[in-house]
Each structure stands twice: as structure tokens, then as C-alpha cells.
Amino acid sequence: GQLRWQGSRPEAGRARGLPLGELTWNHTTLHWRAQAPDWTYLQLLLPRPEAPLLEAVRQRWGSDVLWHLEAVRYLGAPRLTALPLVRWQGPQALADLVAQCRELGAVPFNPHVITVEDGGLGVVDADQVAAKAAYDPAGLMNPGKLRGWVG
């Protein structure tokens with residue numbers, strides 16, 4: 001690997017700009033949306049290989065979709081995920097983009113729906129329900145977000 005960025009530790013009194021953590025996962029989308037409220041975002045697990053999807057979306061949507069890519073380990077294998085920034089053009093355009101990404105092999109996790117199941121896998125995940133029961137037994141946090149929660 002090659003070092004591309006190194007920030008100072010804030011406690012050393014030498015910090016300039018944003019700490020590296022502010023450039024990861026959803027932080028970049030939040031920073032962008034604070035500056036440009038007419039944009040939104042999606043969450044995607046990209047197919048392998050990734051390039052055909054990225055090129056097809058670029059061809060159709062141009063500069064209305066800006067990519068933030070991150071590497072994760074999924075089922076033991078390295079994969080790319082994406083938090084694309086999307087210029088808001090209405091609910092139908094967003095649905096069309098999600099459909100295109102799904103057709104091209106991505107797994108979308110749509111943050112614009114009420115329940116976790118509707119945003120991603122489409123089914124109740126027993127592990128998520130068990131985690132909710134363990135960490136929020138009274139069901140106080142995010143009521144109505146898990147269709148499988150009956151507590």
C-alpha cells in the first residue's frame with residue numbers, strides 16, 4: 001500500500017481540517033448534503049466486477065450521481081460498497097435509479113423507506129430481531145423500523 005493521507009491527532013494540538021474519520025462511510029454524504037440540500041443518497045453493495053454498473057449508471061445519470069466507494073469484507077471476501085450521492089429529481093427518478101442498480105446486480109439498501117426490510121433484503125432477519133431484543137428489550141429505539149419486532 002501507499003500512504004495517501006495522514007492527519008494530525010487533535011489532542012496534539014496540530015489538527016488541520018477534518019479528521020480522517022469524517023471522510024469515511026456516511027460522513028461524506030452528510031457533509032455534502034449539508035452544503036447541497038437538493039441531494040440525497042443511497043447505500044449499495046456492488047456486484048463483482050463493479051465497473052459495468054458504474055459505467056452504466058454514469059451513462060444514464062451523468063453528474064447527477066456522485067460515487068463514494070468503500071471496501072468491506074462481506075462473507076469473508078473483499079467487496080466494494082457505495083454511498084452514491086444523488087441529485088434529487090423526485091421519487092420516481094430515485095426508484096428508477098434503484099431499479100437500474102438492482103438490475104445490474106447491486107444489492108440496494110434504501111434509506112428512504114420506513115422499515116429495515118423494505119430498505120434492503122426484503123425479508124425479516126432473525127439475527128437483527130434478536131439483536132434488537134438483546135440491546136433494546138423495551139423497544140424504545142426506532143419503533144416501527146423492524147417488521148419482525150413484536151416486543
# chains A, B, ... in the order shown; residues from 1 in each chain; ligands from 1
>>> select_by_dssp(residues="segment 44-111 of chain A", states="strand (DSSP E or B)", output="PyMOL selection string")
chain A and resi 44-45+65-66+69-74+77-82+85-87+107-109
>>> write_last_selection(atoms="N, CA and C atoms", output="PDB file, in the first residue's frame")
ATOM      1  N   LEU A  44     -25.412   0.887  -1.356  1.00  0.00           N
ATOM      2  CA  LEU A  44     -25.389  -0.261  -2.270  1.00  0.00           C
ATOM      3  C   LEU A  44     -24.241  -1.205  -1.947  1.00  0.00           C
ATOM      4  N   LEU A  45     -24.494  -2.490  -2.050  1.00  0.00           N
ATOM      5  CA  LEU A  45     -23.420  -3.476  -2.138  1.00  0.00           C
ATOM      6  C   LEU A  45     -23.256  -3.723  -3.631  1.00  0.00           C
ATOM      7  N   VAL A  65     -25.238  11.617 -10.293  1.00  0.00           N
ATOM      8  CA  VAL A  65     -24.840  10.596  -9.324  1.00  0.00           C
ATOM      9  C   VAL A  65     -23.336  10.730  -9.105  1.00  0.00           C
ATOM     10  N   LEU A  66     -22.951  10.962  -7.856  1.00  0.00           N
ATOM     11  CA  LEU A  66     -21.546  11.066  -7.475  1.00  0.00           C
ATOM     12  C   LEU A  66     -21.226   9.888  -6.558  1.00  0.00           C
ATOM     13  N   LEU A  69     -17.111   5.285  -2.740  1.00  0.00           N
ATOM     14  CA  LEU A  69     -16.912   3.839  -2.669  1.00  0.00           C
ATOM     15  C   LEU A  69     -16.108   3.486  -1.422  1.00  0.00           C
ATOM     16  N   GLU A  70     -16.415   2.352  -0.829  1.00  0.00           N
ATOM     17  CA  GLU A  70     -15.668   1.862   0.319  1.00  0.00           C
ATOM     18  C   GLU A  70     -15.470   0.368   0.193  1.00  0.00           C
ATOM     19  N   ALA A  71     -14.362  -0.104   0.723  1.00  0.00           N
ATOM     20  CA  ALA A  71     -14.057  -1.536   0.725  1.00  0.00           C
ATOM     21  C   ALA A  71     -14.509  -2.139   2.040  1.00  0.00           C
ATOM     22  N   VAL A  72     -15.172  -3.282   1.953  1.00  0.00           N
ATOM     23  CA  VAL A  72     -15.621  -4.025   3.136  1.00  0.00           C
ATOM     24  C   VAL A  72     -15.294  -5.499   2.928  1.00  0.00           C
ATOM     25  N   ARG A  73     -15.439  -6.261   3.976  1.00  0.00           N
ATOM     26  CA  ARG A  73     -15.346  -7.712   3.867  1.00  0.00           C
ATOM     27  C   ARG A  73     -16.765  -8.235   4.032  1.00  0.00           C
ATOM     28  N   TYR A  74     -17.270  -8.937   3.025  1.00  0.00           N
ATOM     29  CA  TYR A  74     -18.632  -9.465   3.026  1.00  0.00           C
ATOM     30  C   TYR A  74     -18.552 -10.965   2.781  1.00  0.00           C
ATOM     31  N   ALA A  77     -15.105 -12.201   1.896  1.00  0.00           N
ATOM     32  CA  ALA A  77     -14.432 -11.744   0.669  1.00  0.00           C
ATOM     33  C   ALA A  77     -14.441 -10.216   0.607  1.00  0.00           C
ATOM     34  N   PRO A  78     -13.380  -9.620   0.060  1.00  0.00           N
ATOM     35  CA  PRO A  78     -13.385  -8.154  -0.095  1.00  0.00           C
ATOM     36  C   PRO A  78     -14.387  -7.738  -1.160  1.00  0.00           C
ATOM     37  N   ARG A  79     -15.153  -6.694  -0.845  1.00  0.00           N
ATOM     38  CA  ARG A  79     -16.157  -6.177  -1.771  1.00  0.00           C
ATOM     39  C   ARG A  79     -16.151  -4.661  -1.710  1.00  0.00           C
ATOM     40  N   LEU A  80     -16.730  -4.052  -2.735  1.00  0.00           N
ATOM     41  CA  LEU A  80     -16.935  -2.605  -2.719  1.00  0.00           C
ATOM     42  C   LEU A  80     -18.394  -2.314  -2.406  1.00  0.00           C
ATOM     43  N   THR A  81     -18.590  -1.355  -1.532  1.00  0.00           N
ATOM     44  CA  THR A  81     -19.919  -0.815  -1.268  1.00  0.00           C
ATOM     45  C   THR A  81     -19.913   0.621  -1.771  1.00  0.00           C
ATOM     46  N   ALA A  82     -21.094   1.177  -1.896  1.00  0.00           N
ATOM     47  CA  ALA A  82     -21.195   2.545  -2.395  1.00  0.00           C
ATOM     48  C   ALA A  82     -22.244   3.306  -1.606  1.00  0.00           C
ATOM     49  N   LEU A  85     -24.110   9.739  -3.925  1.00  0.00           N
ATOM     50  CA  LEU A  85     -24.888  10.955  -3.765  1.00  0.00           C
ATOM     51  C   LEU A  85     -25.731  11.121  -5.017  1.00  0.00           C
ATOM     52  N   VAL A  86     -26.999  11.459  -4.835  1.00  0.00           N
ATOM     53  CA  VAL A  86     -27.948  11.516  -5.944  1.00  0.00           C
ATOM     54  C   VAL A  86     -28.662  12.858  -5.923  1.00  0.00           C
ATOM     55  N   ARG A  87     -28.579  13.569  -7.048  1.00  0.00           N
ATOM     56  CA  ARG A  87     -29.325  14.833  -7.156  1.00  0.00           C
ATOM     57  C   ARG A  87     -30.819  14.490  -7.145  1.00  0.00           C
ATOM     58  N   VAL A 107     -26.987  -4.827  -4.615  1.00  0.00           N
ATOM     59  CA  VAL A 107     -27.977  -5.016  -3.562  1.00  0.00           C
ATOM     60  C   VAL A 107     -28.191  -3.647  -2.935  1.00  0.00           C
ATOM     61  N   PRO A 108     -29.346  -3.026  -3.213  1.00  0.00           N
ATOM     62  CA  PRO A 108     -29.591  -1.692  -2.651  1.00  0.00           C
ATOM     63  C   PRO A 108     -30.090  -1.783  -1.211  1.00  0.00           C
ATOM     64  N   PHE A 109     -29.636  -0.854  -0.391  1.00  0.00           N
ATOM     65  CA  PHE A 109     -30.145  -0.661   0.960  1.00  0.00           C
ATOM     66  C   PHE A 109     -30.644   0.775   0.974  1.00  0.00           C
TER      67      PHE A 109
END
>>> select_by_dssp(residues="segment 17-146 of chain A", states="alpha helix (DSSP H)", output="PyMOL selection string")
chain A and resi 27-35+51-61+91-103+116-119+126-135
>>> residues_around(residues="Asn26 of chain A", least_positions_apart="4", cutoff="9 Å", atoms="only C-alpha atoms", output="VMD selection string")
chain A and resid 22 30 to 31 68 83
>>> residues_around(residues="segment 95-106 of chain A", least_positions_apart="2", cutoff="10 Å", atoms="only C-alpha atoms", output="ChimeraX atom specification")
/A:42-50,52-54,56-57,60-61,65,81-82,86,90-93,108-110
